[in-house]
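Novice: So here's final_14.pdb, just PDB, C-alpha atoms:
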```pdb
ATOM      1  CA  SER A   1     -73.874  -8.933 -98.652  1.00  0.00           C
ATOM      2  CA  LEU A   2     -70.455  -8.802-100.287  1.00  0.00           C
ATOM      3  CA  TYR A   3     -69.876 -11.265-103.111  1.00  0.00           C
ATOM      4  CA  CYS A   4     -66.498 -11.813-104.737  1.00  0.00           C
ATOM      5  CA  SER A   5     -66.001 -14.407-107.476  1.00  0.00           C
ATOM      6  CA  THR A   6     -64.519 -15.044-110.871  1.00  0.00           C
ATOM      7  CA  GLY A   7     -66.633 -15.278-113.962  1.00  0.00           C
ATOM      8  CA  SER A   8     -68.031 -18.430-115.517  1.00  0.00           C
ATOM      9  CA  SER A   9     -66.378 -20.160-118.456  1.00  0.00           C
ATOM     10  CA  SER A  10     -68.217 -22.036-121.185  1.00  0.00           C
ATOM     11  CA  SER A  11     -64.995 -23.679-122.434  1.00  0.00           C
ATOM     12  CA  GLY A  12     -61.825 -23.993-120.385  1.00  0.00           C
ATOM     13  CA  ASN A  13     -60.961 -23.164-116.811  1.00  0.00           C
ATOM     14  CA  THR A  14     -62.399 -20.288-114.827  1.00  0.00           C
ATOM     15  CA  GLY A  15     -60.108 -17.699-113.319  1.00  0.00           C
ATOM     16  CA  SER A  16     -58.387 -17.995-109.945  1.00  0.00           C
ATOM     17  CA  LEU A  17     -59.131 -15.876-106.902  1.00  0.00           C
ATOM     18  CA  ASN A  18     -56.039 -14.980-104.870  1.00  0.00           C
ATOM     19  CA  ILE A  19     -55.987 -13.181-101.516  1.00  0.00           C
ATOM     20  CA  GLY A  20     -52.595 -12.490 -99.999  1.00  0.00           C
ATOM     21  CA  THR A  21     -50.370  -9.976 -98.259  1.00  0.00           C
ATOM     22  CA  GLY A  22     -47.112  -8.690 -99.616  1.00  0.00           C
ATOM     23  CA  ALA A  23     -43.641  -9.883 -98.675  1.00  0.00           C
ATOM     24  CA  ALA A  24     -41.725  -8.031 -95.948  1.00  0.00           C
ATOM     25  CA  THR A  25     -37.933  -7.855 -96.342  1.00  0.00           C
ATOM     26  CA  THR A  26     -37.197  -6.341 -92.895  1.00  0.00           C
ATOM     27  CA  GLY A  27     -40.237  -7.150 -90.798  1.00  0.00           C
ATOM     28  CA  ARG A  28     -43.230  -9.394 -90.367  1.00  0.00           C
ATOM     29  CA  ALA A  29     -45.578 -10.159 -93.236  1.00  0.00           C
ATOM     30  CA  GLY A  30     -49.155  -8.977 -92.855  1.00  0.00           C
ATOM     31  CA  ARG A  31     -51.883 -11.112 -91.348  1.00  0.00           C
ATOM     32  CA  ILE A  32     -55.047 -12.302 -93.080  1.00  0.00           C
ATOM     33  CA  THR A  33     -58.085 -12.512 -90.822  1.00  0.00           C
ATOM     34  CA  ILE A  34     -61.480 -13.954 -91.752  1.00  0.00           C
ATOM     35  CA  SER A  35     -64.075 -13.442 -89.047  1.00  0.00           C
ATOM     36  CA  VAL A  36     -67.846 -13.353 -88.667  1.00  0.00           C
ATOM     37  CA  GLY A  37     -69.500 -10.500 -86.870  1.00  0.00           C
ATOM     38  CA  SER A  38     -71.288 -10.913 -83.547  1.00  0.00           C
ATOM     39  CA  GLY A  39     -75.054 -11.325 -83.369  1.00  0.00           C
ATOM     40  CA  THR A  40     -77.345 -10.424 -80.462  1.00  0.00           C
ATOM     41  CA  SER A  41     -79.943 -13.114 -81.255  1.00  0.00           C
ATOM     42  CA  GLY A  42     -79.863 -16.505 -82.899  1.00  0.00           C
ATOM     43  CA  ALA A  43     -76.855 -18.666 -83.691  1.00  0.00           C
ATOM     44  CA  GLY A  44     -73.525 -17.165 -84.608  1.00  0.00           C
ATOM     45  CA  GLY A  45     -72.618 -16.910 -88.259  1.00  0.00           C
ATOM     46  CA  ALA A  46     -70.725 -19.762 -89.891  1.00  0.00           C
ATOM     47  CA  VAL A  47     -67.531 -19.787 -91.935  1.00  0.00           C
ATOM     48  CA  ASP A  48     -67.760 -22.301 -94.797  1.00  0.00           C
ATOM     49  CA  VAL A  49     -64.829 -23.409 -96.948  1.00  0.00           C
ATOM     50  CA  PHE A  50     -65.702 -25.788 -99.793  1.00  0.00           C
ATOM     51  CA  ALA A  51     -63.589 -27.098-102.617  1.00  0.00           C
ATOM     52  CA  GLY A  52     -65.080 -27.471-106.065  1.00  0.00           C
ATOM     53  CA  VAL A  53     -67.141 -30.439-107.223  1.00  0.00           C
ATOM     54  CA  GLY A  54     -65.604 -32.569-109.978  1.00  0.00           C
ATOM     55  CA  THR A  55     -68.351 -33.807-112.296  1.00  0.00           C
ATOM     56  CA  SER A  56     -65.990 -35.917-114.444  1.00  0.00           C
ATOM     57  CA  SER A  57     -62.867 -36.068-112.282  1.00  0.00           C
ATOM     58  CA  VAL A  58     -61.842 -35.853-108.618  1.00  0.00           C
ATOM     59  CA  GLY A  59     -63.109 -33.053-106.424  1.00  0.00           C
ATOM     60  CA  GLY A  60     -60.910 -30.148-105.458  1.00  0.00           C
ATOM     61  CA  ALA A  61     -58.607 -30.340-102.448  1.00  0.00           C
ATOM     62  CA  VAL A  62     -58.561 -28.111 -99.362  1.00  0.00           C
ATOM     63  CA  SER A  63     -55.069 -27.458 -97.987  1.00  0.00           C
ATOM     64  CA  ILE A  64     -54.364 -25.716 -94.680  1.00  0.00           C
ATOM     65  CA  MET A  65     -50.681 -25.510 -93.817  1.00  0.00           C
ATOM     66  CA  SER A  66     -48.674 -23.443 -91.380  1.00  0.00           C
ATOM     67  CA  GLY A  67     -45.675 -21.426 -92.488  1.00  0.00           C
ATOM     68  CA  GLU A  68     -42.190 -22.831 -92.850  1.00  0.00           C
ATOM     69  CA  GLY A  69     -39.449 -21.545 -90.581  1.00  0.00           C
ATOM     70  CA  LYS A  70     -36.286 -21.181 -92.654  1.00  0.00           C
ATOM     71  CA  LEU A  71     -34.026 -20.899 -89.596  1.00  0.00           C
ATOM     72  CA  THR A  72     -36.306 -21.818 -86.670  1.00  0.00           C
ATOM     73  CA  SER A  73     -39.538 -23.679 -85.981  1.00  0.00           C
ATOM     74  CA  SER A  74     -42.438 -23.870 -88.385  1.00  0.00           C
ATOM     75  CA  GLY A  75     -45.754 -22.318 -87.382  1.00  0.00           C
ATOM     76  CA  ASP A  76     -48.388 -24.059 -85.297  1.00  0.00           C
ATOM     77  CA  LEU A  77     -51.755 -25.209 -86.628  1.00  0.00           C
ATOM     78  CA  LEU A  78     -54.653 -24.962 -84.176  1.00  0.00           C
ATOM     79  CA  LEU A  79     -58.011 -26.648 -84.694  1.00  0.00           C
ATOM     80  CA  ALA A  80     -60.251 -25.960 -81.727  1.00  0.00           C
ATOM     81  CA  THR A  81     -63.786 -25.007 -80.779  1.00  0.00           C
ATOM     82  CA  ALA A  82     -64.486 -22.029 -78.568  1.00  0.00           C
ATOM     83  CA  ASN A  83     -65.300 -22.272 -74.870  1.00  0.00           C
ATOM     84  CA  SER A  84     -68.982 -22.413 -73.951  1.00  0.00           C
ATOM     85  CA  GLY A  85     -70.773 -19.652 -72.123  1.00  0.00           C
ATOM     86  CA  THR A  86     -72.309 -19.851 -68.668  1.00  0.00           C
ATOM     87  CA  THR A  87     -74.703 -22.545 -69.950  1.00  0.00           C
ATOM     88  CA  GLY A  88     -74.368 -25.167 -72.654  1.00  0.00           C
ATOM     89  CA  ILE A  89     -71.430 -27.213 -73.821  1.00  0.00           C
ATOM     90  CA  SER A  90     -68.420 -26.450 -75.958  1.00  0.00           C
ATOM     91  CA  GLY A  91     -68.677 -27.241 -79.647  1.00  0.00           C
ATOM     92  CA  ALA A  92     -67.792 -30.630 -81.098  1.00  0.00           C
ATOM     93  CA  LEU A  93     -64.775 -31.295 -83.321  1.00  0.00           C
ATOM     94  CA  THR A  94     -65.375 -33.885 -86.034  1.00  0.00           C
ATOM     95  CA  MET A  95     -62.827 -35.314 -88.457  1.00  0.00           C
ATOM     96  CA  SER A  96     -64.141 -37.864 -90.929  1.00  0.00           C
ATOM     97  CA  THR A  97     -63.958 -38.913 -94.541  1.00  0.00           C
ATOM     98  CA  GLY A  98     -66.902 -39.097 -96.859  1.00  0.00           C
ATOM     99  CA  THR A  99     -69.010 -42.122 -97.725  1.00  0.00           C
ATOM    100  CA  ALA A 100     -67.992 -44.172-100.772  1.00  0.00           C
ATOM    101  CA  THR A 101     -70.753 -45.734-102.893  1.00  0.00           C
ATOM    102  CA  ALA A 102     -68.259 -47.762-104.975  1.00  0.00           C
ATOM    103  CA  GLY A 103     -64.836 -48.600-103.568  1.00  0.00           C
ATOM    104  CA  SER A 104     -63.149 -47.837-100.279  1.00  0.00           C
ATOM    105  CA  SER A 105     -63.720 -44.679 -98.281  1.00  0.00           C
ATOM    106  CA  GLY A 106     -60.810 -42.348 -97.633  1.00  0.00           C
ATOM    107  CA  ASP A 107     -58.187 -42.821 -94.939  1.00  0.00           C
ATOM    108  CA  VAL A 108     -57.674 -40.674 -91.854  1.00  0.00           C
ATOM    109  CA  SER A 109     -53.988 -40.309 -90.970  1.00  0.00           C
ATOM    110  CA  ILE A 110     -52.599 -38.583 -87.885  1.00  0.00           C
ATOM    111  CA  SER A 111     -48.831 -38.582 -87.605  1.00  0.00           C
ATOM    112  CA  SER A 112     -45.948 -36.467 -86.420  1.00  0.00           C
ATOM    113  CA  GLY A 113     -43.014 -35.630 -88.624  1.00  0.00           C
ATOM    114  CA  LEU A 114     -39.610 -37.272 -88.838  1.00  0.00           C
ATOM    115  CA  ALA A 115     -36.895 -35.783 -86.616  1.00  0.00           C
ATOM    116  CA  ALA A 116     -33.445 -35.988 -88.206  1.00  0.00           C
ATOM    117  CA  ALA A 117     -31.675 -34.793 -85.043  1.00  0.00           C
ATOM    118  CA  GLY A 118     -33.992 -35.210 -82.069  1.00  0.00           C
ATOM    119  CA  ALA A 119     -36.994 -37.112 -80.766  1.00  0.00           C
ATOM    120  CA  GLY A 120     -40.093 -37.683 -82.838  1.00  0.00           C
ATOM    121  CA  GLY A 121     -43.142 -35.687 -81.849  1.00  0.00           C
ATOM    122  CA  GLN A 122     -45.718 -37.214 -79.536  1.00  0.00           C
ATOM    123  CA  ILE A 123     -49.358 -37.919 -80.318  1.00  0.00           C
ATOM    124  CA  ALA A 124     -51.659 -37.532 -77.312  1.00  0.00           C
ATOM    125  CA  LEU A 125     -55.328 -38.515 -77.093  1.00  0.00           C
ATOM    126  CA  THR A 126     -56.604 -36.994 -73.864  1.00  0.00           C
ATOM    127  CA  VAL A 127     -60.086 -36.445 -72.485  1.00  0.00           C
ATOM    128  CA  GLY A 128     -60.618 -33.322 -70.408  1.00  0.00           C
ATOM    129  CA  SER A 129     -61.351 -33.555 -66.697  1.00  0.00           C
ATOM    130  CA  GLY A 130     -64.935 -33.197 -65.456  1.00  0.00           C
ATOM    131  CA  ALA A 131     -65.969 -31.659 -62.138  1.00  0.00           C
ATOM    132  CA  THR A 132     -69.306 -33.528 -62.033  1.00  0.00           C
ATOM    133  CA  GLY A 133     -70.298 -36.853 -63.505  1.00  0.00           C
ATOM    134  CA  ALA A 134     -68.132 -39.623 -64.893  1.00  0.00           C
ATOM    135  CA  GLY A 135     -64.965 -38.976 -66.835  1.00  0.00           C
ATOM    136  CA  GLY A 136     -65.159 -39.023 -70.611  1.00  0.00           C
ATOM    137  CA  ASP A 137     -64.332 -42.188 -72.543  1.00  0.00           C
ATOM    138  CA  VAL A 138     -61.765 -42.833 -75.248  1.00  0.00           C
ATOM    139  CA  ALA A 139     -63.155 -45.344 -77.751  1.00  0.00           C
ATOM    140  CA  ILE A 140     -61.136 -46.879 -80.583  1.00  0.00           C
ATOM    141  CA  SER A 141     -63.135 -49.202 -82.805  1.00  0.00           C
ATOM    142  CA  ALA A 142     -62.147 -50.993 -85.992  1.00  0.00           C
ATOM    143  CA  GLY A 143     -64.608 -51.171 -88.864  1.00  0.00           C
ATOM    144  CA  ASP A 144     -67.314 -53.787 -89.208  1.00  0.00           C
ATOM    145  CA  THR A 145     -68.024 -55.607 -92.442  1.00  0.00           C
ATOM    146  CA  SER A 146     -71.248 -57.068 -93.766  1.00  0.00           C
ATOM    147  CA  ALA A 147     -69.460 -58.987 -96.537  1.00  0.00           C
ATOM    148  CA  ALA A 148     -69.137 -62.763 -96.344  1.00  0.00           C
ATOM    149  CA  ASN A 149     -65.844 -64.632 -95.869  1.00  0.00           C
ATOM    150  CA  VAL A 150     -63.809 -61.567 -94.896  1.00  0.00           C
ATOM    151  CA  ALA A 151     -62.600 -60.314 -91.534  1.00  0.00           C
ATOM    152  CA  GLY A 152     -63.531 -57.185 -89.659  1.00  0.00           C
ATOM    153  CA  GLY A 153     -60.953 -54.459 -89.249  1.00  0.00           C
ATOM    154  CA  SER A 154     -58.010 -54.980 -86.919  1.00  0.00           C
ATOM    155  CA  ILE A 155     -56.552 -52.774 -84.187  1.00  0.00           C
ATOM    156  CA  THR A 156     -52.777 -52.876 -83.896  1.00  0.00           C
ATOM    157  CA  LEU A 157     -50.776 -51.224 -81.118  1.00  0.00           C
ATOM    158  CA  THR A 158     -47.061 -51.252 -81.879  1.00  0.00           C
ATOM    159  CA  ALA A 159     -44.383 -49.595 -79.783  1.00  0.00           C
ATOM    160  CA  GLY A 160     -41.377 -48.050 -81.471  1.00  0.00           C
ATOM    161  CA  GLN A 161     -38.308 -50.112 -82.189  1.00  0.00           C
ATOM    162  CA  GLU A 162     -34.716 -49.253 -81.311  1.00  0.00           C
ATOM    163  CA  SER A 163     -32.596 -49.762 -84.419  1.00  0.00           C
ATOM    164  CA  GLY A 164     -29.460 -47.804 -83.533  1.00  0.00           C
ATOM    165  CA  GLY A 165     -27.494 -50.883 -82.522  1.00  0.00           C
ATOM    166  CA  GLY A 166     -26.713 -49.587 -79.031  1.00  0.00           C
ATOM    167  CA  THR A 167     -27.988 -50.597 -75.607  1.00  0.00           C
ATOM    168  CA  GLY A 168     -31.418 -49.016 -75.996  1.00  0.00           C
ATOM    169  CA  SER A 169     -34.663 -50.937 -75.885  1.00  0.00           C
ATOM    170  CA  GLY A 170     -37.913 -50.961 -77.753  1.00  0.00           C
ATOM    171  CA  GLY A 171     -40.795 -48.858 -76.528  1.00  0.00           C
ATOM    172  CA  LEU A 172     -43.336 -50.017 -73.962  1.00  0.00           C
ATOM    173  CA  ILE A 173     -47.069 -50.574 -74.290  1.00  0.00           C
ATOM    174  CA  SER A 174     -48.867 -49.927 -71.001  1.00  0.00           C
ATOM    175  CA  LEU A 175     -52.540 -50.528 -70.219  1.00  0.00           C
ATOM    176  CA  ILE A 176     -53.358 -49.074 -66.804  1.00  0.00           C
ATOM    177  CA  GLY A 177     -56.733 -48.760 -65.151  1.00  0.00           C
ATOM    178  CA  GLY A 178     -57.651 -45.465 -63.507  1.00  0.00           C
ATOM    179  CA  ILE A 179     -57.150 -44.763 -59.809  1.00  0.00           C
ATOM    180  CA  GLY A 180     -60.269 -44.608 -57.632  1.00  0.00           C
ATOM    181  CA  SER A 181     -59.674 -42.301 -54.663  1.00  0.00           C
ATOM    182  CA  GLY A 182     -62.727 -43.442 -52.700  1.00  0.00           C
ATOM    183  CA  SER A 183     -63.767 -46.587 -54.511  1.00  0.00           C
ATOM    184  CA  THR A 184     -62.398 -49.357 -56.674  1.00  0.00           C
ATOM    185  CA  GLY A 185     -59.754 -48.598 -59.277  1.00  0.00           C
ATOM    186  CA  GLY A 186     -60.433 -49.264 -62.914  1.00  0.00           C
ATOM    187  CA  GLY A 187     -59.610 -52.631 -64.405  1.00  0.00           C
ATOM    188  CA  SER A 188     -57.823 -53.785 -67.535  1.00  0.00           C
ATOM    189  CA  GLY A 189     -59.350 -56.575 -69.578  1.00  0.00           C
ATOM    190  CA  PHE A 190     -58.454 -58.682 -72.601  1.00  0.00           C
ATOM    191  CA  PHE A 191     -61.362 -60.306 -74.394  1.00  0.00           C
ATOM    192  CA  THR A 192     -61.674 -62.248 -77.609  1.00  0.00           C
ATOM    193  CA  GLY A 193     -64.499 -61.835 -80.071  1.00  0.00           C
ATOM    194  CA  GLY A 194     -67.759 -63.691 -79.650  1.00  0.00           C
ATOM    195  CA  VAL A 195     -68.559 -66.898 -81.456  1.00  0.00           C
ATOM    196  CA  GLY A 196     -70.419 -66.608 -84.748  1.00  0.00           C
ATOM    197  CA  SER A 197     -73.025 -69.004 -86.041  1.00  0.00           C
ATOM    198  CA  THR A 198     -70.440 -71.234 -87.786  1.00  0.00           C
ATOM    199  CA  ALA A 199     -67.155 -70.131 -86.230  1.00  0.00           C
ATOM    200  CA  THR A 200     -65.091 -70.397 -83.086  1.00  0.00           C
ATOM    201  CA  GLY A 201     -64.135 -67.579 -80.766  1.00  0.00           C
ATOM    202  CA  GLY A 202     -60.959 -65.620 -81.410  1.00  0.00           C
ATOM    203  CA  GLY A 203     -57.676 -66.575 -79.749  1.00  0.00           C
ATOM    204  CA  LEU A 204     -55.786 -64.610 -77.117  1.00  0.00           C
ATOM    205  CA  PHE A 205     -52.002 -64.525 -77.358  1.00  0.00           C
ATOM    206  CA  LEU A 206     -49.657 -63.048 -74.743  1.00  0.00           C
ATOM    207  CA  ALA A 207     -45.940 -63.518 -75.325  1.00  0.00           C
ATOM    208  CA  SER A 208     -42.671 -61.845 -74.381  1.00  0.00           C
TER     209      SER A 208
END
```
The structure given in the file should be rewritten as structure tokens.
Specialist:
Amino acid sequence: SLYCSTGSSSSGNTGSLNIGTGAATTGRAGRITISVGSGTSGAGGAVDVFAGVGTSSVGGAVSIMSGEGKLTSSGDLLLATANSGTTGISGALTMSTGTATAGSSGDVSISSGLAAAGAGGQIALTVGSGATGAGGDVAISAGDTSAANVAGGSITLTAGQESGGGTGSGGLISLIGGIGSGSTGGGSGFFTGGVGSTATGGGLFLAS
């Protein structure tokens, strides 16, 4: 094994560990590659990145950011699992915040950046096609609550507004069932919540 670390400190901060390539004035800066070697038996080796535990303050942050483009586009950031082999499935991709024992758990935010001279970037949630079996689902669920006299989480779908003062229009919200080539097409339904023990069912409002 190869172990690289800074020393411990009995009072004060420990030292930093910096890995980087040098600047290139007339060329491309060097690449940093972290990879695990192949194994002929057993599971492949893992790559673990952990921030430090804060015993009396907040834990350390983990930041992954692509490079800025001074004159052109910034770099891409790819989070993906590898393709499966001849058998098995591809790996799962999980994004979640930790559990909170006192207070609210952390937020998960997915957004594209502001475009000062152009269209805002799109956000696409797409399930891959399957050659056998049913197509994969997309499920969006708000949070439940076990507390009394409070509401469960809401789901809000809001199209973009047109605020330029011209002849443009606000964005559309479309709910379309899937096409069935040899059977019935998919439906679209609107349902209110069920009735509780001492409450009425939720209302359904459709307005232009």
Novice: For this structure, which residues satisfy the selection - the PyMOL selection byres ((chain A and resi 95) around 12) - when it is evaluated on the file as given? I want them as a list in words.
Specialist: Leu79, Ala80, Ala92, Leu93, Thr94, Ser96, Thr97, Gly98, Gly106, Asp107, Val108, Ser109 and Ile110 of chain A
Novice: Could the residues in this selection be written to a file with C-alpha atoms, as a CSV table (one decimal), in the frame of the given file?
Specialist:
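After the write, out-v1.csv holds the following:
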```csv
chain,number,residue,atom,x,y,z
A,79,LEU,CA,-58.0,-26.6,-84.7
A,80,ALA,CA,-60.3,-26.0,-81.7
A,92,ALA,CA,-67.8,-30.6,-81.1
A,93,LEU,CA,-64.8,-31.3,-83.3
A,94,THR,CA,-65.4,-33.9,-86.0
A,96,SER,CA,-64.1,-37.9,-90.9
A,97,THR,CA,-64.0,-38.9,-94.5
A,98,GLY,CA,-66.9,-39.1,-96.9
A,106,GLY,CA,-60.8,-42.3,-97.6
A,107,ASP,CA,-58.2,-42.8,-94.9
A,108,VAL,CA,-57.7,-40.7,-91.9
A,109,SER,CA,-54.0,-40.3,-91.0
A,110,ILE,CA,-52.6,-38.6,-87.9
```
Novice: Every residue with an atom at most 6 Å from (-68.4, -24.7, -79.9) (file coordinates; all atoms listed in the file) is what I'm after, so could you write them as a PDB file with C-alpha atoms, in the frame of the given file?
Specialist:
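result_29.pdb, freshly written:
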```
ATOM      1  CA  THR A  81     -63.786 -25.007 -80.779  1.00  0.00           C
ATOM      2  CA  ALA A  82     -64.486 -22.029 -78.568  1.00  0.00           C
ATOM      3  CA  SER A  90     -68.420 -26.450 -75.958  1.00  0.00           C
ATOM      4  CA  GLY A  91     -68.677 -27.241 -79.647  1.00  0.00           C
TER       5      GLY A  91
END
```
Novice: CA of Gly143 (chain A) to CA of Thr192 (chain A): how many Å, to one decimal?
Specialist: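 Separating CA of Gly143 (chain A) from CA of Thr192 (chain A) is a distance of 16.1 Å.
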Novice: Which residues, written as JSON, numbers by chain, have at least one atom at most 12 Å from region 52-57 of chain A, with only C-alpha atoms counted and residues fewer than 4 positions away on the same chain left out?
Specialist: {"A": [14, 61, 62]}
Novice: CA of Gly130 (chain A) and CA of Ile173 (chain A), how far apart in Å?
Specialist: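 CA of Gly130 (chain A) lies at a distance of 26.4 Å from CA of Ile173 (chain A).
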Novice: Could you work out how far CA of Ser66 (chain A) lies from CA of Ala24 (chain A), giving the answer in Å with one decimal?
Specialist: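 Going from CA of Ala24 (chain A) over to CA of Ser66 (chain A), I get 17.5 Å.
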Novice: What's around region 156-159 of chain A at 12 Å? Count only C-alpha atoms, leave out sequence neighbours fewer than 2 positions away in its own chain, and write the answer as JSON, numbers by chain.
Specialist: {"A": [140, 141, 142, 153, 154, 161, 162, 169, 170, 171, 172, 173, 174, 175]}
Novice: Could I get region 60-68 of chain A rebuilt with all heavy atoms, written as a PDB file, in the frame of the given file?
Specialist:
```pdb
ATOM      1  N   GLY A  60     -62.032 -30.992-105.839  1.00  0.00           N
ATOM      2  CA  GLY A  60     -60.910 -30.148-105.458  1.00  0.00           C
ATOM      3  C   GLY A  60     -60.452 -30.408-104.033  1.00  0.00           C
ATOM      4  O   GLY A  60     -61.219 -30.860-103.184  1.00  0.00           O
ATOM      5  N   ALA A  61     -59.205 -30.121-103.764  1.00  0.00           N
ATOM      6  CA  ALA A  61     -58.607 -30.340-102.448  1.00  0.00           C
ATOM      7  C   ALA A  61     -58.665 -29.062-101.622  1.00  0.00           C
ATOM      8  O   ALA A  61     -58.728 -27.952-102.153  1.00  0.00           O
ATOM      9  CB  ALA A  61     -57.161 -30.809-102.582  1.00  0.00           C
ATOM     10  N   VAL A  62     -58.661 -29.226-100.299  1.00  0.00           N
ATOM     11  CA  VAL A  62     -58.561 -28.111 -99.362  1.00  0.00           C
ATOM     12  C   VAL A  62     -57.276 -28.310 -98.576  1.00  0.00           C
ATOM     13  O   VAL A  62     -57.102 -29.334 -97.907  1.00  0.00           O
ATOM     14  CB  VAL A  62     -59.768 -28.048 -98.405  1.00  0.00           C
ATOM     15  CG1 VAL A  62     -59.577 -26.936 -97.383  1.00  0.00           C
ATOM     16  CG2 VAL A  62     -61.061 -27.832 -99.178  1.00  0.00           C
ATOM     17  N   SER A  63     -56.368 -27.359 -98.657  1.00  0.00           N
ATOM     18  CA  SER A  63     -55.069 -27.458 -97.987  1.00  0.00           C
ATOM     19  C   SER A  63     -54.936 -26.331 -96.975  1.00  0.00           C
ATOM     20  O   SER A  63     -55.113 -25.157 -97.322  1.00  0.00           O
ATOM     21  CB  SER A  63     -53.913 -27.391 -98.998  1.00  0.00           C
ATOM     22  OG  SER A  63     -53.992 -28.444 -99.941  1.00  0.00           O
ATOM     23  N   ILE A  64     -54.642 -26.694 -95.730  1.00  0.00           N
ATOM     24  CA  ILE A  64     -54.364 -25.716 -94.680  1.00  0.00           C
ATOM     25  C   ILE A  64     -53.002 -26.074 -94.105  1.00  0.00           C
ATOM     26  O   ILE A  64     -52.821 -27.159 -93.543  1.00  0.00           O
ATOM     27  CB  ILE A  64     -55.441 -25.737 -93.586  1.00  0.00           C
ATOM     28  CG1 ILE A  64     -56.821 -25.438 -94.169  1.00  0.00           C
ATOM     29  CG2 ILE A  64     -55.104 -24.735 -92.479  1.00  0.00           C
ATOM     30  CD1 ILE A  64     -57.940 -25.535 -93.165  1.00  0.00           C
ATOM     31  N   MET A  65     -52.049 -25.202 -94.229  1.00  0.00           N
ATOM     32  CA  MET A  65     -50.681 -25.510 -93.817  1.00  0.00           C
ATOM     33  C   MET A  65     -50.064 -24.293 -93.142  1.00  0.00           C
ATOM     34  O   MET A  65     -50.254 -23.160 -93.584  1.00  0.00           O
ATOM     35  CB  MET A  65     -49.841 -25.918 -95.034  1.00  0.00           C
ATOM     36  CG  MET A  65     -48.409 -26.316 -94.707  1.00  0.00           C
ATOM     37  SD  MET A  65     -47.472 -26.818 -96.183  1.00  0.00           S
ATOM     38  CE  MET A  65     -48.392 -28.289 -96.670  1.00  0.00           C
ATOM     39  N   SER A  66     -49.358 -24.534 -92.066  1.00  0.00           N
ATOM     40  CA  SER A  66     -48.674 -23.443 -91.380  1.00  0.00           C
ATOM     41  C   SER A  66     -47.407 -23.072 -92.147  1.00  0.00           C
ATOM     42  O   SER A  66     -46.947 -23.807 -93.031  1.00  0.00           O
ATOM     43  CB  SER A  66     -48.331 -23.847 -89.939  1.00  0.00           C
ATOM     44  OG  SER A  66     -47.387 -24.900 -89.926  1.00  0.00           O
ATOM     45  N   GLY A  67     -46.839 -21.930 -91.780  1.00  0.00           N
ATOM     46  CA  GLY A  67     -45.675 -21.426 -92.488  1.00  0.00           C
ATOM     47  C   GLY A  67     -44.385 -22.139 -92.115  1.00  0.00           C
ATOM     48  O   GLY A  67     -44.190 -22.579 -90.981  1.00  0.00           O
ATOM     49  N   GLU A  68     -43.511 -22.240 -93.072  1.00  0.00           N
ATOM     50  CA  GLU A  68     -42.190 -22.831 -92.850  1.00  0.00           C
ATOM     51  C   GLU A  68     -41.277 -21.845 -92.133  1.00  0.00           C
ATOM     52  O   GLU A  68     -41.331 -20.636 -92.362  1.00  0.00           O
ATOM     53  CB  GLU A  68     -41.578 -23.217 -94.199  1.00  0.00           C
ATOM     54  CG  GLU A  68     -40.181 -23.801 -94.112  1.00  0.00           C
ATOM     55  CD  GLU A  68     -39.559 -24.048 -95.473  1.00  0.00           C
ATOM     56  OE1 GLU A  68     -40.246 -23.790 -96.488  1.00  0.00           O
ATOM     57  OE2 GLU A  68     -38.382 -24.475 -95.527  1.00  0.00           O
TER      58      GLU A  68
END
```
